[in-house]
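Everything below belongs to target.cif, which stores mmCIF, N, CA, C and O atoms.
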data_my_file
loop_
_atom_site.label_atom_id
_atom_site.label_comp_id
_atom_site.auth_asym_id
_atom_site.auth_seq_id
_atom_site.Cartn_x
_atom_site.Cartn_y
_atom_site.Cartn_z
N MET A 1 37.99 62.30 -0.81
CA MET A 1 38.49 60.98 -0.54
C MET A 1 38.90 60.34 -1.87
O MET A 1 38.07 60.21 -2.78
N PRO A 2 40.16 59.96 -2.04
CA PRO A 2 40.59 59.30 -3.28
C PRO A 2 40.13 57.84 -3.31
O PRO A 2 39.88 57.22 -2.28
N THR A 3 40.02 57.28 -4.52
CA THR A 3 39.64 55.89 -4.69
C THR A 3 40.89 55.04 -4.92
O THR A 3 41.99 55.56 -5.04
N VAL A 4 40.70 53.75 -5.03
CA VAL A 4 41.81 52.83 -5.29
C VAL A 4 42.33 53.07 -6.70
O VAL A 4 41.56 53.32 -7.63
N ARG A 5 43.62 52.95 -6.87
CA ARG A 5 44.25 53.17 -8.17
C ARG A 5 43.59 52.31 -9.24
O ARG A 5 43.33 51.13 -9.04
N ASN A 6 43.32 52.93 -10.38
CA ASN A 6 42.70 52.28 -11.54
C ASN A 6 41.31 51.72 -11.27
O ASN A 6 40.85 50.82 -11.96
N ALA A 7 40.64 52.23 -10.25
CA ALA A 7 39.27 51.81 -9.99
C ALA A 7 38.38 52.34 -11.11
O ALA A 7 38.62 53.41 -11.65
N ARG A 8 37.36 51.60 -11.45
CA ARG A 8 36.44 52.03 -12.49
C ARG A 8 35.57 53.16 -11.95
O ARG A 8 35.08 53.09 -10.83
N GLY A 9 35.38 54.18 -12.74
CA GLY A 9 34.54 55.30 -12.31
C GLY A 9 35.36 56.44 -11.73
O GLY A 9 36.45 56.73 -12.21
N ALA A 10 34.85 57.06 -10.71
CA ALA A 10 35.44 58.28 -10.13
C ALA A 10 36.81 58.03 -9.52
O ALA A 10 37.11 56.94 -9.02
N ASP A 11 37.63 59.08 -9.55
CA ASP A 11 38.93 59.06 -8.88
C ASP A 11 38.83 59.61 -7.47
O ASP A 11 39.62 59.27 -6.60
N LEU A 12 37.86 60.49 -7.27
CA LEU A 12 37.67 61.15 -5.97
C LEU A 12 36.19 61.20 -5.65
O LEU A 12 35.35 61.25 -6.54
N TYR A 13 35.89 61.25 -4.36
CA TYR A 13 34.53 61.50 -3.91
C TYR A 13 34.59 62.65 -2.91
O TYR A 13 35.36 62.59 -1.95
N ALA A 14 33.81 63.67 -3.14
CA ALA A 14 33.76 64.83 -2.25
C ALA A 14 32.37 64.93 -1.64
O ALA A 14 31.39 64.51 -2.26
N ALA A 15 32.32 65.49 -0.45
CA ALA A 15 31.02 65.69 0.21
C ALA A 15 31.00 67.10 0.78
O ALA A 15 31.97 67.54 1.39
N PRO A 16 29.91 67.82 0.57
CA PRO A 16 29.79 69.16 1.15
C PRO A 16 29.85 69.09 2.68
O PRO A 16 29.41 68.11 3.29
N VAL A 17 30.38 70.12 3.28
CA VAL A 17 30.53 70.18 4.74
C VAL A 17 29.18 70.05 5.43
O VAL A 17 29.05 69.37 6.45
N ASP A 18 28.15 70.65 4.87
CA ASP A 18 26.84 70.66 5.53
C ASP A 18 25.94 69.47 5.17
O ASP A 18 24.85 69.34 5.70
N ASP A 19 26.39 68.57 4.26
CA ASP A 19 25.57 67.43 3.88
C ASP A 19 26.46 66.28 3.43
O ASP A 19 26.71 66.10 2.24
N GLU A 20 26.93 65.49 4.37
CA GLU A 20 27.86 64.42 4.06
C GLU A 20 27.25 63.31 3.22
O GLU A 20 27.95 62.47 2.68
N GLU A 21 25.93 63.28 3.10
CA GLU A 21 25.29 62.25 2.28
C GLU A 21 25.20 62.66 0.81
O GLU A 21 24.89 61.83 -0.03
N ALA A 22 25.45 63.91 0.50
CA ALA A 22 25.42 64.39 -0.88
C ALA A 22 26.83 64.24 -1.47
O ALA A 22 27.59 65.19 -1.55
N VAL A 23 27.17 63.05 -1.89
CA VAL A 23 28.50 62.75 -2.39
C VAL A 23 28.63 63.19 -3.85
O VAL A 23 27.71 62.99 -4.65
N ILE A 24 29.77 63.76 -4.19
CA ILE A 24 30.04 64.24 -5.54
C ILE A 24 31.16 63.39 -6.14
O ILE A 24 32.30 63.47 -5.70
N PRO A 25 30.86 62.54 -7.15
CA PRO A 25 31.91 61.75 -7.81
C PRO A 25 32.69 62.63 -8.79
O PRO A 25 32.09 63.39 -9.56
N ILE A 26 34.02 62.53 -8.74
CA ILE A 26 34.89 63.39 -9.56
C ILE A 26 35.90 62.53 -10.31
O ILE A 26 36.58 61.71 -9.71
N GLN A 27 36.01 62.76 -11.60
CA GLN A 27 37.05 62.15 -12.43
C GLN A 27 38.16 63.18 -12.53
O GLN A 27 37.92 64.33 -12.89
N SER A 28 39.37 62.79 -12.20
CA SER A 28 40.50 63.70 -12.21
C SER A 28 41.49 63.29 -13.30
O SER A 28 41.84 62.11 -13.43
N LYS A 29 41.93 64.28 -14.07
CA LYS A 29 42.94 64.05 -15.10
C LYS A 29 44.08 65.04 -14.85
O LYS A 29 43.87 66.25 -14.87
N ALA A 30 45.26 64.52 -14.58
CA ALA A 30 46.43 65.37 -14.30
C ALA A 30 47.37 65.34 -15.50
O ALA A 30 47.79 64.27 -15.95
N LEU A 31 47.67 66.53 -16.02
CA LEU A 31 48.55 66.66 -17.18
C LEU A 31 49.73 67.56 -16.84
O LEU A 31 49.57 68.55 -16.13
N SER A 32 50.90 67.21 -17.33
CA SER A 32 52.06 68.05 -17.08
C SER A 32 52.06 69.29 -17.99
O SER A 32 52.62 70.32 -17.63
N LYS A 33 51.43 69.18 -19.15
CA LYS A 33 51.35 70.32 -20.07
C LYS A 33 49.99 70.32 -20.76
O LYS A 33 49.23 69.35 -20.69
N ARG A 34 49.69 71.40 -21.45
CA ARG A 34 48.41 71.55 -22.15
C ARG A 34 48.33 70.50 -23.26
O ARG A 34 49.14 70.50 -24.19
N ALA A 35 47.34 69.61 -23.14
CA ALA A 35 47.19 68.51 -24.10
C ALA A 35 45.75 68.03 -24.08
O ALA A 35 44.97 68.38 -23.19
N ALA A 36 45.42 67.20 -25.06
CA ALA A 36 44.10 66.60 -25.11
C ALA A 36 43.98 65.51 -24.05
O ALA A 36 44.96 64.86 -23.69
N VAL A 37 42.76 65.33 -23.55
CA VAL A 37 42.47 64.31 -22.54
C VAL A 37 41.81 63.12 -23.24
O VAL A 37 40.78 63.29 -23.90
N PRO A 38 42.38 61.92 -23.11
CA PRO A 38 41.75 60.75 -23.73
C PRO A 38 40.48 60.35 -22.98
O PRO A 38 40.45 60.34 -21.75
N LEU A 39 39.43 60.02 -23.74
CA LEU A 39 38.14 59.66 -23.15
C LEU A 39 37.70 58.23 -23.47
O LEU A 39 36.64 57.81 -23.03
N GLY A 40 38.49 57.50 -24.24
CA GLY A 40 38.12 56.13 -24.61
C GLY A 40 37.31 56.10 -25.90
O GLY A 40 37.19 57.10 -26.60
N THR A 41 36.72 54.96 -26.18
CA THR A 41 36.01 54.78 -27.44
C THR A 41 34.49 54.83 -27.31
O THR A 41 33.78 54.72 -28.30
N ASP A 42 33.99 55.00 -26.09
CA ASP A 42 32.54 55.03 -25.87
C ASP A 42 32.21 56.05 -24.78
O ASP A 42 32.47 55.80 -23.59
N LEU A 43 31.64 57.17 -25.16
CA LEU A 43 31.30 58.22 -24.19
C LEU A 43 30.27 57.76 -23.17
O LEU A 43 30.21 58.31 -22.06
N GLU A 44 29.48 56.77 -23.49
CA GLU A 44 28.47 56.27 -22.55
C GLU A 44 29.11 55.53 -21.37
O GLU A 44 28.46 55.31 -20.36
N ARG A 45 30.36 55.18 -21.49
CA ARG A 45 31.05 54.50 -20.38
C ARG A 45 31.60 55.49 -19.35
O ARG A 45 32.03 55.08 -18.28
N LEU A 46 31.59 56.77 -19.68
CA LEU A 46 32.04 57.79 -18.73
C LEU A 46 30.99 57.91 -17.64
O LEU A 46 29.80 57.98 -17.92
N ARG A 47 31.42 57.95 -16.39
CA ARG A 47 30.47 57.88 -15.28
C ARG A 47 30.42 59.11 -14.39
O ARG A 47 29.36 59.52 -13.97
N SER A 48 31.55 59.64 -14.01
CA SER A 48 31.59 60.69 -13.00
C SER A 48 30.89 61.95 -13.47
O SER A 48 31.09 62.43 -14.58
N SER A 49 30.07 62.52 -12.59
CA SER A 49 29.29 63.70 -12.96
C SER A 49 30.14 64.97 -13.03
O SER A 49 29.73 65.95 -13.63
N TRP A 50 31.32 64.95 -12.42
CA TRP A 50 32.23 66.10 -12.47
C TRP A 50 33.61 65.66 -12.93
O TRP A 50 34.07 64.58 -12.58
N TRP A 51 34.26 66.53 -13.70
CA TRP A 51 35.61 66.28 -14.21
C TRP A 51 36.50 67.45 -13.83
O TRP A 51 36.11 68.62 -14.02
N ILE A 52 37.68 67.14 -13.31
CA ILE A 52 38.67 68.17 -13.01
C ILE A 52 39.93 67.83 -13.80
O ILE A 52 40.51 66.76 -13.64
N ILE A 53 40.31 68.74 -14.67
CA ILE A 53 41.52 68.59 -15.48
C ILE A 53 42.56 69.55 -14.93
O ILE A 53 42.32 70.76 -14.86
N THR A 54 43.69 69.00 -14.52
CA THR A 54 44.75 69.80 -13.93
C THR A 54 45.91 69.92 -14.89
O THR A 54 46.48 68.90 -15.31
N LEU A 55 46.26 71.13 -15.25
CA LEU A 55 47.44 71.39 -16.09
C LEU A 55 48.59 71.81 -15.19
O LEU A 55 48.40 72.52 -14.21
N GLY A 56 49.79 71.38 -15.57
CA GLY A 56 50.96 71.70 -14.75
C GLY A 56 50.91 70.95 -13.42
O GLY A 56 51.29 71.48 -12.38
N ALA A 57 50.42 69.73 -13.47
CA ALA A 57 50.22 68.95 -12.25
C ALA A 57 51.50 68.76 -11.45
O ALA A 57 51.45 68.64 -10.23
N ASN A 58 52.64 68.76 -12.11
CA ASN A 58 53.92 68.58 -11.43
C ASN A 58 54.60 69.90 -11.11
O ASN A 58 55.74 69.91 -10.64
N SER A 59 53.94 71.00 -11.35
CA SER A 59 54.55 72.31 -11.15
C SER A 59 54.13 72.92 -9.80
O SER A 59 53.28 72.38 -9.10
N ASP A 60 54.72 74.05 -9.49
CA ASP A 60 54.36 74.78 -8.28
C ASP A 60 53.10 75.62 -8.46
O ASP A 60 52.59 76.19 -7.50
N ASP A 61 52.61 75.71 -9.70
CA ASP A 61 51.45 76.55 -9.99
C ASP A 61 50.47 75.83 -10.93
O ASP A 61 50.25 76.28 -12.05
N PRO A 62 49.86 74.73 -10.47
CA PRO A 62 48.91 74.02 -11.34
C PRO A 62 47.63 74.84 -11.54
O PRO A 62 47.28 75.68 -10.72
N VAL A 63 46.95 74.56 -12.64
CA VAL A 63 45.69 75.22 -12.96
C VAL A 63 44.65 74.13 -13.19
O VAL A 63 44.92 73.15 -13.89
N CYS A 64 43.47 74.29 -12.60
CA CYS A 64 42.41 73.30 -12.73
C CYS A 64 41.23 73.84 -13.53
O CYS A 64 40.90 75.03 -13.44
N PHE A 65 40.62 72.96 -14.29
CA PHE A 65 39.44 73.27 -15.08
C PHE A 65 38.34 72.31 -14.62
O PHE A 65 38.55 71.10 -14.58
N ILE A 66 37.18 72.85 -14.26
CA ILE A 66 36.09 72.06 -13.69
C ILE A 66 34.93 72.01 -14.69
O ILE A 66 34.37 73.05 -15.04
N LEU A 67 34.58 70.80 -15.13
CA LEU A 67 33.52 70.59 -16.11
C LEU A 67 32.55 69.53 -15.63
O LEU A 67 32.93 68.62 -14.87
N THR A 68 31.32 69.62 -16.11
CA THR A 68 30.34 68.56 -15.85
C THR A 68 30.54 67.44 -16.88
O THR A 68 31.15 67.66 -17.94
N LEU A 69 29.99 66.29 -16.59
CA LEU A 69 30.05 65.18 -17.53
C LEU A 69 29.35 65.56 -18.84
O LEU A 69 29.84 65.25 -19.92
N ALA A 70 28.23 66.25 -18.75
CA ALA A 70 27.50 66.68 -19.95
C ALA A 70 28.38 67.58 -20.82
O ALA A 70 28.39 67.44 -22.05
N GLU A 71 29.12 68.48 -20.20
CA GLU A 71 30.01 69.37 -20.96
C GLU A 71 31.14 68.58 -21.62
O GLU A 71 31.48 68.84 -22.78
N VAL A 72 31.71 67.61 -20.91
CA VAL A 72 32.76 66.77 -21.48
C VAL A 72 32.23 66.06 -22.72
O VAL A 72 32.88 66.05 -23.77
N LYS A 73 31.04 65.49 -22.63
CA LYS A 73 30.47 64.76 -23.76
C LYS A 73 30.18 65.68 -24.95
O LYS A 73 30.43 65.31 -26.10
N ILE A 74 29.66 66.86 -24.68
CA ILE A 74 29.35 67.81 -25.76
C ILE A 74 30.61 68.30 -26.45
O ILE A 74 30.65 68.45 -27.67
N LEU A 75 31.67 68.53 -25.67
CA LEU A 75 32.91 69.09 -26.20
C LEU A 75 33.86 68.05 -26.78
O LEU A 75 34.85 68.40 -27.43
N ALA A 76 33.57 66.78 -26.59
CA ALA A 76 34.45 65.70 -27.07
C ALA A 76 34.52 65.68 -28.59
O ALA A 76 33.54 65.98 -29.28
N THR A 77 35.69 65.31 -29.09
CA THR A 77 35.89 65.09 -30.52
C THR A 77 36.29 63.64 -30.72
O THR A 77 36.76 62.98 -29.79
N ARG A 78 36.15 63.14 -31.94
CA ARG A 78 36.44 61.74 -32.21
C ARG A 78 37.46 61.59 -33.31
O ARG A 78 37.41 62.30 -34.33
N ASP A 79 38.39 60.64 -33.12
CA ASP A 79 39.38 60.32 -34.15
C ASP A 79 38.70 59.82 -35.41
O ASP A 79 37.63 59.19 -35.34
N LYS A 80 39.33 60.05 -36.52
CA LYS A 80 38.85 59.51 -37.78
C LYS A 80 39.48 58.15 -38.08
O LYS A 80 39.09 57.47 -38.99
N GLY A 81 40.46 57.76 -37.28
CA GLY A 81 41.20 56.52 -37.51
C GLY A 81 40.43 55.27 -37.16
O GLY A 81 39.23 55.29 -36.90
N LYS A 82 41.16 54.18 -37.15
CA LYS A 82 40.58 52.85 -36.94
C LYS A 82 39.93 52.68 -35.57
O LYS A 82 38.85 52.11 -35.46
N ASP A 83 40.58 53.15 -34.50
CA ASP A 83 40.02 52.92 -33.17
C ASP A 83 38.94 53.93 -32.79
O ASP A 83 38.17 53.69 -31.87
N ARG A 84 38.86 55.05 -33.49
CA ARG A 84 37.81 56.06 -33.31
C ARG A 84 37.65 56.50 -31.85
O ARG A 84 36.56 56.59 -31.32
N ALA A 85 38.77 56.75 -31.20
CA ALA A 85 38.76 57.19 -29.80
C ALA A 85 38.25 58.63 -29.68
O ALA A 85 38.36 59.42 -30.62
N TYR A 86 37.68 58.92 -28.52
CA TYR A 86 37.23 60.28 -28.20
C TYR A 86 38.30 61.01 -27.41
O TYR A 86 39.03 60.39 -26.63
N TRP A 87 38.34 62.32 -27.59
CA TRP A 87 39.30 63.17 -26.90
C TRP A 87 38.61 64.46 -26.48
O TRP A 87 37.68 64.92 -27.14
N LEU A 88 39.10 65.04 -25.41
CA LEU A 88 38.69 66.38 -25.01
C LEU A 88 39.88 67.27 -25.29
O LEU A 88 40.89 67.23 -24.58
N GLU A 89 39.79 68.01 -26.39
CA GLU A 89 40.91 68.85 -26.81
C GLU A 89 41.13 70.00 -25.82
O GLU A 89 40.19 70.50 -25.21
N ALA A 90 42.38 70.42 -25.69
CA ALA A 90 42.73 71.49 -24.76
C ALA A 90 41.95 72.77 -25.05
O ALA A 90 41.51 73.45 -24.12
N LYS A 91 41.74 73.09 -26.31
CA LYS A 91 41.00 74.31 -26.65
C LYS A 91 39.55 74.25 -26.18
O LYS A 91 38.89 75.27 -26.02
N SER A 92 39.04 73.04 -25.91
CA SER A 92 37.67 72.87 -25.46
C SER A 92 37.51 73.04 -23.96
O SER A 92 36.49 73.54 -23.49
N TYR A 93 38.50 72.62 -23.17
CA TYR A 93 38.39 72.76 -21.72
C TYR A 93 39.13 73.97 -21.17
O TYR A 93 38.81 74.46 -20.09
N ASP A 94 40.11 74.47 -21.89
CA ASP A 94 40.91 75.62 -21.44
C ASP A 94 40.17 76.91 -21.77
O ASP A 94 40.52 77.63 -22.69
N LYS A 95 39.09 77.14 -21.00
CA LYS A 95 38.24 78.31 -21.21
C LYS A 95 38.02 79.01 -19.87
O LYS A 95 38.01 78.35 -18.82
N PRO A 96 37.81 80.31 -19.89
CA PRO A 96 37.62 81.06 -18.64
C PRO A 96 36.50 80.53 -17.75
O PRO A 96 36.62 80.53 -16.53
N GLU A 97 35.41 80.06 -18.35
CA GLU A 97 34.28 79.60 -17.54
C GLU A 97 34.57 78.31 -16.77
O GLU A 97 33.89 78.01 -15.79
N PHE A 98 35.60 77.57 -17.17
CA PHE A 98 35.98 76.33 -16.48
C PHE A 98 37.21 76.51 -15.58
O PHE A 98 37.41 75.73 -14.66
N ARG A 99 38.01 77.53 -15.87
CA ARG A 99 39.28 77.74 -15.16
C ARG A 99 39.05 78.07 -13.69
O ARG A 99 38.39 79.05 -13.37
N GLU A 100 39.59 77.22 -12.81
CA GLU A 100 39.51 77.40 -11.35
C GLU A 100 38.07 77.68 -10.89
O GLU A 100 37.84 78.42 -9.95
N ALA A 101 37.11 77.07 -11.55
CA ALA A 101 35.69 77.31 -11.27
C ALA A 101 35.19 76.36 -10.18
O ALA A 101 34.22 75.62 -10.34
N TRP A 102 35.83 76.39 -9.02
CA TRP A 102 35.51 75.51 -7.91
C TRP A 102 34.09 75.74 -7.39
O TRP A 102 33.47 74.81 -6.86
N HIS A 103 33.59 76.94 -7.56
CA HIS A 103 32.23 77.26 -7.11
C HIS A 103 31.19 76.37 -7.78
O HIS A 103 30.10 76.18 -7.25
N ARG A 104 31.50 75.83 -8.93
CA ARG A 104 30.56 74.99 -9.67
C ARG A 104 30.25 73.68 -8.93
O ARG A 104 29.21 73.08 -9.13
N LEU A 105 31.13 73.23 -8.08
CA LEU A 105 30.93 71.98 -7.35
C LEU A 105 29.95 72.11 -6.19
O LEU A 105 29.53 71.11 -5.63
N ALA A 106 29.60 73.33 -5.84
CA ALA A 106 28.71 73.56 -4.68
C ALA A 106 27.29 73.14 -4.97
O ALA A 106 26.83 73.02 -6.05
#

Could you render the structure from this file as structure tokens?
Amino acid sequence: MPTVRNARGADLYAAPVDDEEAVIPIQSKALSKRAAVPLGTDLERLRSSWWIITLGANSDDPVCFILTLAEVKILATRDKGKDRAYWLEAKSYDKPEFREAWHRLA
């Protein structure tokens, strides 16, 4: 189930078929090409327990990477500049263990 555009927190909520009360909040990031994902200036403000990064979102063959919030925080890098924003670099999420790893959401 998608959320309202620009809602704070998760972009999607999923529920397992056998337990509709076990809701899974998901943050979705859609990219047209391999690039870093912006995370803002405070990692503590990130909420969703699952993150799905989609590469080639506008193509006929998109690829998804599934990560936990803990993994996003561990893999995040920070700018050295004035705003000191955090990013999830493509080399950090574009790994075999995250690629199309839908089984992780179970």

Reference answer for the PyMOL selection byres (((chain A and resi 29-46 and name CA) around 6) and name CA), as a list of chain:residue names =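 Answer for the PyMOL selection byres (((chain A and resi 29-46 and name CA) around 6) and name CA): A:Ser28, A:Arg47, A:Ile53, A:Thr54, A:Leu55, A:Gly56, A:Ala57, A:Asn58, A:Ala85, A:Tyr86, A:Trp87, A:Leu88, A:Glu89, A:Ala90.
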
Mind giving me the axis-aligned box for range 21-24 of chain A with 3 Å on every side, centre plus edges in Å to one decimal, as lines of an AutoDock Vina configuration file?
center_x = 28.6
center_y = 63.5
center_z = -1.5
size_x = 13.4
size_y = 9.4
size_z = 15.2

task = Can you give me, as a list of chain:residue names, the residues this file yields under the PyMOL selection byres ((chain A and resi 26) around 4.5)?
result = A:Ala10, A:Asp11, A:Leu12, A:Ile24, A:Pro25, A:Gln27, A:Ser28, A:Trp50

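Put simply, the PyMOL selection byres (((chain A and resi 96 and name CA) around 12) and name CA) in this file takes in Val63, Cys64, Phe65, Ile66, Leu67, Lys91, Ser92, Tyr93, Asp94, Lys95, Glu97, Phe98, Arg99, Glu100 and Ala101 of chain A.
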
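With CA of Leu105 in chain A on one side and CA of Gly9 in chain A on the other, the separation reads 17.8 Å.
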
note = CA of Ala106 in chain A sits from CA of Pro16 in chain A at a separation of 7.4 Å

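Take atom O of Thr68 in chain A and atom C of His103 in chain A: the distance between them is 13.4 Å.
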
request  = Pull the helix (DSSP H, G or I) assignments for chain A out of DSSP run on the backbone, and list those residues as a PyMOL selection string.
outcome  = chain A and resi 43-45+69-75+90-93+102-105

key: In chain A, DSSP strand (DSSP E or B) residues written as a PyMOL selection string   = chain A and resi 2+12-14+24-31+37-40+50-55+63-68+77-78+86-88+99
